[in-house]
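Below: the structure, in structure tokens.
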Amino acid sequence: MPPSPASAPFPAARARRLRRTAALRDLVREHRLSASDLIWPLFLRDGTGIEEPVASMPGVVRRSVDRVVAAAEEAAALGIPAICLFPYTDAAVKTVGCEEAWNPENLTNRAIRAVKAAVPGLAVMTDIALDPYNALGHDGLVRDGIILNDETVEALVRMALVQAEAGADILGPSDMMDGRIGAIRAALEAAGHRDVVILSYAAKFASAFYGPFRDAVGASGALKGDKTTYQIDPANGEEALRMVARDLAEGADMVMVKPGLPYLDICARVKAAFGVPTFAYQVSGEYAMLMAAAGQGWIDGERAMLESLLAFRRAGCDGVLTYFAPRVARALRAG
Ligand code: PBG
């Protein structure tokens with residue numbers, strides 16, 4: 001970005017001239033939010049006709065596959081280009097070996113097929129990590145309390161291949177194991193899935209803001225300890241940039257920064273340094289905070305939602321994963 005030239009001295013320059021009317025403000029607005037910038041994360045569960053509220057995320061539900069198809073149709077009608085699927089798995093299905101993760105008939109794979117059959121034009125993104133299937137709640141396989149890297153990568157590759165086979169357009173490895181992007185990319189190429197996109201959760205921090213999500217996918221109870229041996233320390237910006245460089249070198253098509261608002265500096269640095277498609281995840285805790293304050297009447301929820309999302313565009317993000325997606329699309333449509 002070029003530096004702003006010095007302005008004329010007052011009163012030759014009056015900044016308020018361009019703020020005086022809505023028409024003038026429209027004319028000089030630098031960034032805009034559009035429904036086409038959004039990816040809508042959806043929670044899945046077994047059954048039919050079910051939309052079950054997530055207590056810590058007011059307005060968010062877990063949907064059975066038929067209801068996910070309905071949401072996918074809604075997304076397409078609203079001009080939202082992509083959804084992202086996250087399964088809630090019953091404790092009974094979770095194992096220490098996480099085998100359900102690469103079952104071609106698991107909830108995620110069934111949902112991918114159903115959505116692609118009903119709304120083929122909508123991009124379906126998935127999450128690659130073992131936590132929904134892991135009896136120990138971690139994104140990786142655990143032995144003697146240690147999260148195993150290379151064994152986990154092999155499991156993630158299996159998981160990626162069945163999701164690609166089911167028709168996923170975008171794979172989102174969110175696990176933060178080392179070497180997973182290269183391994184998944186090589187396996188996809190070898191299996192003929194040449195056009196499957198990888199949106200790497202490259203700069204994913206060990207954050208307190210994921211709490212409500214872990215409730216939504218049923219991982220909170222299972223998780224022993226924390227994820228600090230694989231997710232990035234919130235103190236480290238240079239490291240986040242190195243992770244983005246690495247994942248791009250291994251074959252990621254797009255990269256993500258996660259969480260969102262507390263990490264806007266990382267978003268701006270990633271976009272400036274690499275110029276690649278850059279996404280942010282406005283995570284569950286960010287959503288919950290805005291909804292809680294709005295629910296108390298302490299902030300104007302609608303305006304705070306739009307302002308928070310516009311901030312990602314200003315920081316250089318091409319798009320945002322947000323639980324607000326359909327509400328934003330409707331608000332933008334209403335003008
Ligand atoms: C786990 C995963 C998490 C989220 C997306 N994928 C949680 C975690 O890392 O513990 C969080 C999303 C959110 O909080 O909205 N693979």
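Labels used: A, B, ... for chains in the order of the structure tokens, numbers from 1 for residues in each chain, and numbers from 1 for ligands as shown.
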
Each chain A residue no farther than 10 Å from ligand 1, nearest pair in Å, only C-alpha atoms and all ligand atoms, as CSV:
residue,atom,partner,partner_atom_place_in_ligand_line,distance
A:Pro41,CA,ligand 1,15 (O),8.1
A:Met57,CA,ligand 1,15 (O),9.7
A:Cys84,CA,ligand 1,5 (C),10.0
A:Leu85,CA,ligand 1,5 (C),9.9
A:Phe86,CA,ligand 1,6 (N),7.8
A:Thr126,CA,ligand 1,6 (N),9.6
A:Asp127,CA,ligand 1,6 (N),6.5
A:Ile128,CA,ligand 1,16 (N),6.9
A:Ala129,CA,ligand 1,16 (N),4.8
A:Leu130,CA,ligand 1,16 (N),6.8
A:Asp131,CA,ligand 1,16 (N),5.8
A:Pro132,CA,ligand 1,16 (N),7.7
A:Gly137,CA,ligand 1,10 (O),8.6
A:His138,CA,ligand 1,10 (O),7.7
A:Asp139,CA,ligand 1,16 (N),5.7
A:Gly140,CA,ligand 1,16 (N),9.2
A:Gly172,CA,ligand 1,6 (N),8.7
A:Pro173,CA,ligand 1,16 (N),7.8
A:Ser174,CA,ligand 1,16 (N),4.8
A:Asp175,CA,ligand 1,16 (N),5.4
A:Met176,CA,ligand 1,16 (N),8.7
A:Tyr201,CA,ligand 1,6 (N),8.7
A:Lys204,CA,ligand 1,9 (O),7.9
A:Phe205,CA,ligand 1,9 (O),8.3
A:Ala206,CA,ligand 1,9 (O),7.4
A:Ser207,CA,ligand 1,9 (O),7.9
A:Ala208,CA,ligand 1,14 (O),8.8
A:Phe209,CA,ligand 1,14 (O),6.0
A:Tyr210,CA,ligand 1,14 (O),3.4
A:Gly211,CA,ligand 1,14 (O),6.3
A:Pro212,CA,ligand 1,14 (O),6.4
A:Phe213,CA,ligand 1,14 (O),4.4
A:Arg214,CA,ligand 1,7 (C),6.1
A:Asp215,CA,ligand 1,14 (O),9.5
A:Ala216,CA,ligand 1,15 (O),9.0
A:Val217,CA,ligand 1,7 (C),8.9
A:Ala219,CA,ligand 1,10 (O),8.1
A:Ser220,CA,ligand 1,10 (O),8.7
A:Leu223,CA,ligand 1,10 (O),9.0
A:Asp226,CA,ligand 1,10 (O),8.6
A:Lys227,CA,ligand 1,10 (O),7.3
A:Tyr230,CA,ligand 1,9 (O),9.8
A:Gln231,CA,ligand 1,9 (O),7.8
A:Lys258,CA,ligand 1,11 (C),8.2
A:Pro259,CA,ligand 1,14 (O),7.5
A:Gly260,CA,ligand 1,15 (O),9.9
A:Tyr281,CA,ligand 1,15 (O),7.2
A:Gln282,CA,ligand 1,15 (O),6.8
A:Val283,CA,ligand 1,15 (O),3.5
A:Ser284,CA,ligand 1,15 (O),3.5
A:Gly285,CA,ligand 1,14 (O),6.1
A:Glu286,CA,ligand 1,15 (O),8.1
A:Tyr287,CA,ligand 1,15 (O),8.0
A:Ala288,CA,ligand 1,15 (O),9.6
A:Leu321,CA,ligand 1,15 (O),8.7
A:Thr322,CA,ligand 1,15 (O),8.0
A:Tyr323,CA,ligand 1,15 (O),8.0

Residues flagged helix (DSSP H, G or I) by DSSP in segment 111-254 of chain A, as a ChimeraX atom specification: /A:111-118,131-133,149-166,180-190,208-216,237-249

Nearest to Ala15 of chain A, chosen from A:Ala70, A:Ala76, A:Val28, A:Pro58, with only C-alpha atoms counted in the distances: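 Closest candidate: A:Val28.
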
Using only C-alpha atoms: which of A:Ala294, A:Met289, A:Leu310, A:Ala111 has the shortest distance to Met125 of chain A: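 Closest candidate: A:Ala111.
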
Shell of 9 Å around Ser308 of chain A, only C-alpha atoms, local chain residues under 4 positions omitted, as a PyMOL selection string: chain A and resi 261+282+303-304+312

For those residues, write N, CA, C and O atoms to a file as a PDB file, in the first residue's frame.
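Saved as out-v1.pdb:
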ATOM      1  N   LEU A 261     -10.942 -11.654  14.477  1.00  0.00           N
ATOM      2  CA  LEU A 261     -10.726 -10.275  14.932  1.00  0.00           C
ATOM      3  C   LEU A 261      -9.498 -10.067  15.816  1.00  0.00           C
ATOM      4  O   LEU A 261      -8.781  -9.086  15.621  1.00  0.00           O
ATOM      5  N   GLN A 282     -13.975 -16.188  11.612  1.00  0.00           N
ATOM      6  CA  GLN A 282     -14.574 -15.523  12.769  1.00  0.00           C
ATOM      7  C   GLN A 282     -15.164 -16.659  13.607  1.00  0.00           C
ATOM      8  O   GLN A 282     -16.235 -17.178  13.292  1.00  0.00           O
ATOM      9  N   ARG A 303     -25.424  -4.025  13.563  1.00  0.00           N
ATOM     10  CA  ARG A 303     -24.330  -3.134  13.134  1.00  0.00           C
ATOM     11  C   ARG A 303     -22.966  -3.696  13.537  1.00  0.00           C
ATOM     12  O   ARG A 303     -22.003  -3.634  12.768  1.00  0.00           O
ATOM     13  N   ALA A 304     -22.891  -4.258  14.744  1.00  0.00           N
ATOM     14  CA  ALA A 304     -21.608  -4.817  15.199  1.00  0.00           C
ATOM     15  C   ALA A 304     -21.209  -5.998  14.312  1.00  0.00           C
ATOM     16  O   ALA A 304     -20.030  -6.173  13.979  1.00  0.00           O
ATOM     17  N   PHE A 312     -12.502  -7.433   8.288  1.00  0.00           N
ATOM     18  CA  PHE A 312     -11.673  -8.449   7.622  1.00  0.00           C
ATOM     19  C   PHE A 312     -11.336  -8.035   6.190  1.00  0.00           C
ATOM     20  O   PHE A 312     -10.237  -8.280   5.701  1.00  0.00           O
TER      21      PHE A 312
END

DSSP strand (DSSP E) selection over segment 41-103 of chain A, as an MDAnalysis selection string: chainID A and resid 41:44 51:53 61:63 82:87

Given only C-alpha atoms as the counted atoms, nearest of A:Gly319, A:Gly59, A:Pro87, A:Gly145 to Phe279 of chain A: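 Result for the nearest residue to Phe279 of chain A: A:Gly319.
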
Polymer residues at most 9 Å from segment 332-334 of chain A, only C-alpha atoms, same-chain spacing of 6 or more positions, as a list in words: Leu33, Ser34, Ala35, Leu78 and Leu306 of chain A

Distance query Asp66 of chain A at most 7 Å, only C-alpha atoms, self and fewer than 2 positions along chain excluded, as a list in words: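 The residues that qualify are Thr48, Gly49, Ser64, Val68, Val69 and Ala70 of chain A.
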
Would you output that residue set with all heavy atoms, as a PDB file, in the first residue's frame?
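Once everything was written out, this is out.pdb:
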ATOM      1  N   THR A  48     -33.150 -37.296  11.046  1.00  0.00           N
ATOM      2  CA  THR A  48     -33.828 -36.548   9.976  1.00  0.00           C
ATOM      3  C   THR A  48     -34.731 -35.487  10.596  1.00  0.00           C
ATOM      4  O   THR A  48     -35.250 -35.663  11.700  1.00  0.00           O
ATOM      5  CB  THR A  48     -34.728 -37.448   9.072  1.00  0.00           C
ATOM      6  OG1 THR A  48     -35.391 -38.404   9.897  1.00  0.00           O
ATOM      7  CG2 THR A  48     -33.949 -38.135   7.986  1.00  0.00           C
ATOM      8  N   GLY A  49     -34.864 -34.410   9.878  1.00  0.00           N
ATOM      9  CA  GLY A  49     -35.757 -33.336  10.302  1.00  0.00           C
ATOM     10  C   GLY A  49     -35.312 -32.647  11.585  1.00  0.00           C
ATOM     11  O   GLY A  49     -36.120 -32.036  12.276  1.00  0.00           O
ATOM     12  N   SER A  64     -29.596 -32.241  10.846  1.00  0.00           N
ATOM     13  CA  SER A  64     -29.504 -33.546  10.202  1.00  0.00           C
ATOM     14  C   SER A  64     -29.267 -33.299   8.707  1.00  0.00           C
ATOM     15  O   SER A  64     -29.453 -32.183   8.213  1.00  0.00           O
ATOM     16  CB  SER A  64     -30.772 -34.358  10.453  1.00  0.00           C
ATOM     17  OG  SER A  64     -31.912 -33.589  10.124  1.00  0.00           O
ATOM     18  N   VAL A  68     -29.411 -29.926   6.379  1.00  0.00           N
ATOM     19  CA  VAL A  68     -28.198 -29.309   5.818  1.00  0.00           C
ATOM     20  C   VAL A  68     -28.421 -29.027   4.331  1.00  0.00           C
ATOM     21  O   VAL A  68     -28.017 -27.978   3.820  1.00  0.00           O
ATOM     22  CB  VAL A  68     -26.963 -30.212   6.045  1.00  0.00           C
ATOM     23  CG1 VAL A  68     -25.790 -29.762   5.181  1.00  0.00           C
ATOM     24  CG2 VAL A  68     -26.567 -30.179   7.512  1.00  0.00           C
ATOM     25  N   VAL A  69     -29.090 -29.947   3.663  1.00  0.00           N
ATOM     26  CA  VAL A  69     -29.399 -29.722   2.246  1.00  0.00           C
ATOM     27  C   VAL A  69     -30.277 -28.470   2.110  1.00  0.00           C
ATOM     28  O   VAL A  69     -30.049 -27.624   1.237  1.00  0.00           O
ATOM     29  CB  VAL A  69     -30.079 -30.963   1.618  1.00  0.00           C
ATOM     30  CG1 VAL A  69     -30.655 -30.647   0.248  1.00  0.00           C
ATOM     31  CG2 VAL A  69     -29.084 -32.121   1.532  1.00  0.00           C
ATOM     32  N   ALA A  70     -31.248 -28.333   3.019  1.00  0.00           N
ATOM     33  CA  ALA A  70     -32.107 -27.131   2.976  1.00  0.00           C
ATOM     34  C   ALA A  70     -31.282 -25.872   3.214  1.00  0.00           C
ATOM     35  O   ALA A  70     -31.479 -24.841   2.553  1.00  0.00           O
ATOM     36  CB  ALA A  70     -33.224 -27.250   4.027  1.00  0.00           C
TER      37      ALA A  70
END

Residues within 8 Å of Ala91 of chain A, only C-alpha atoms, excluding chain neighbours under 3 positions, as an MDAnalysis selection string: chainID A and resid 94 135 218

Neighbour list for Arg113 of chain A as a VMD selection string, cut-off 12 Å, only C-alpha atoms, skip fewer than 6 positions in-chain: chain A and resid 65 to 66 68 to 69 85 104 to 107 119 to 120 123 to 124 162 to 169

Length of the atom CA of Glu100 of chain A to atom CA of Phe43 of chain A vector [Å]: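 Atom CA of Phe43 of chain A lies 16.8 Å from atom CA of Glu100 of chain A.
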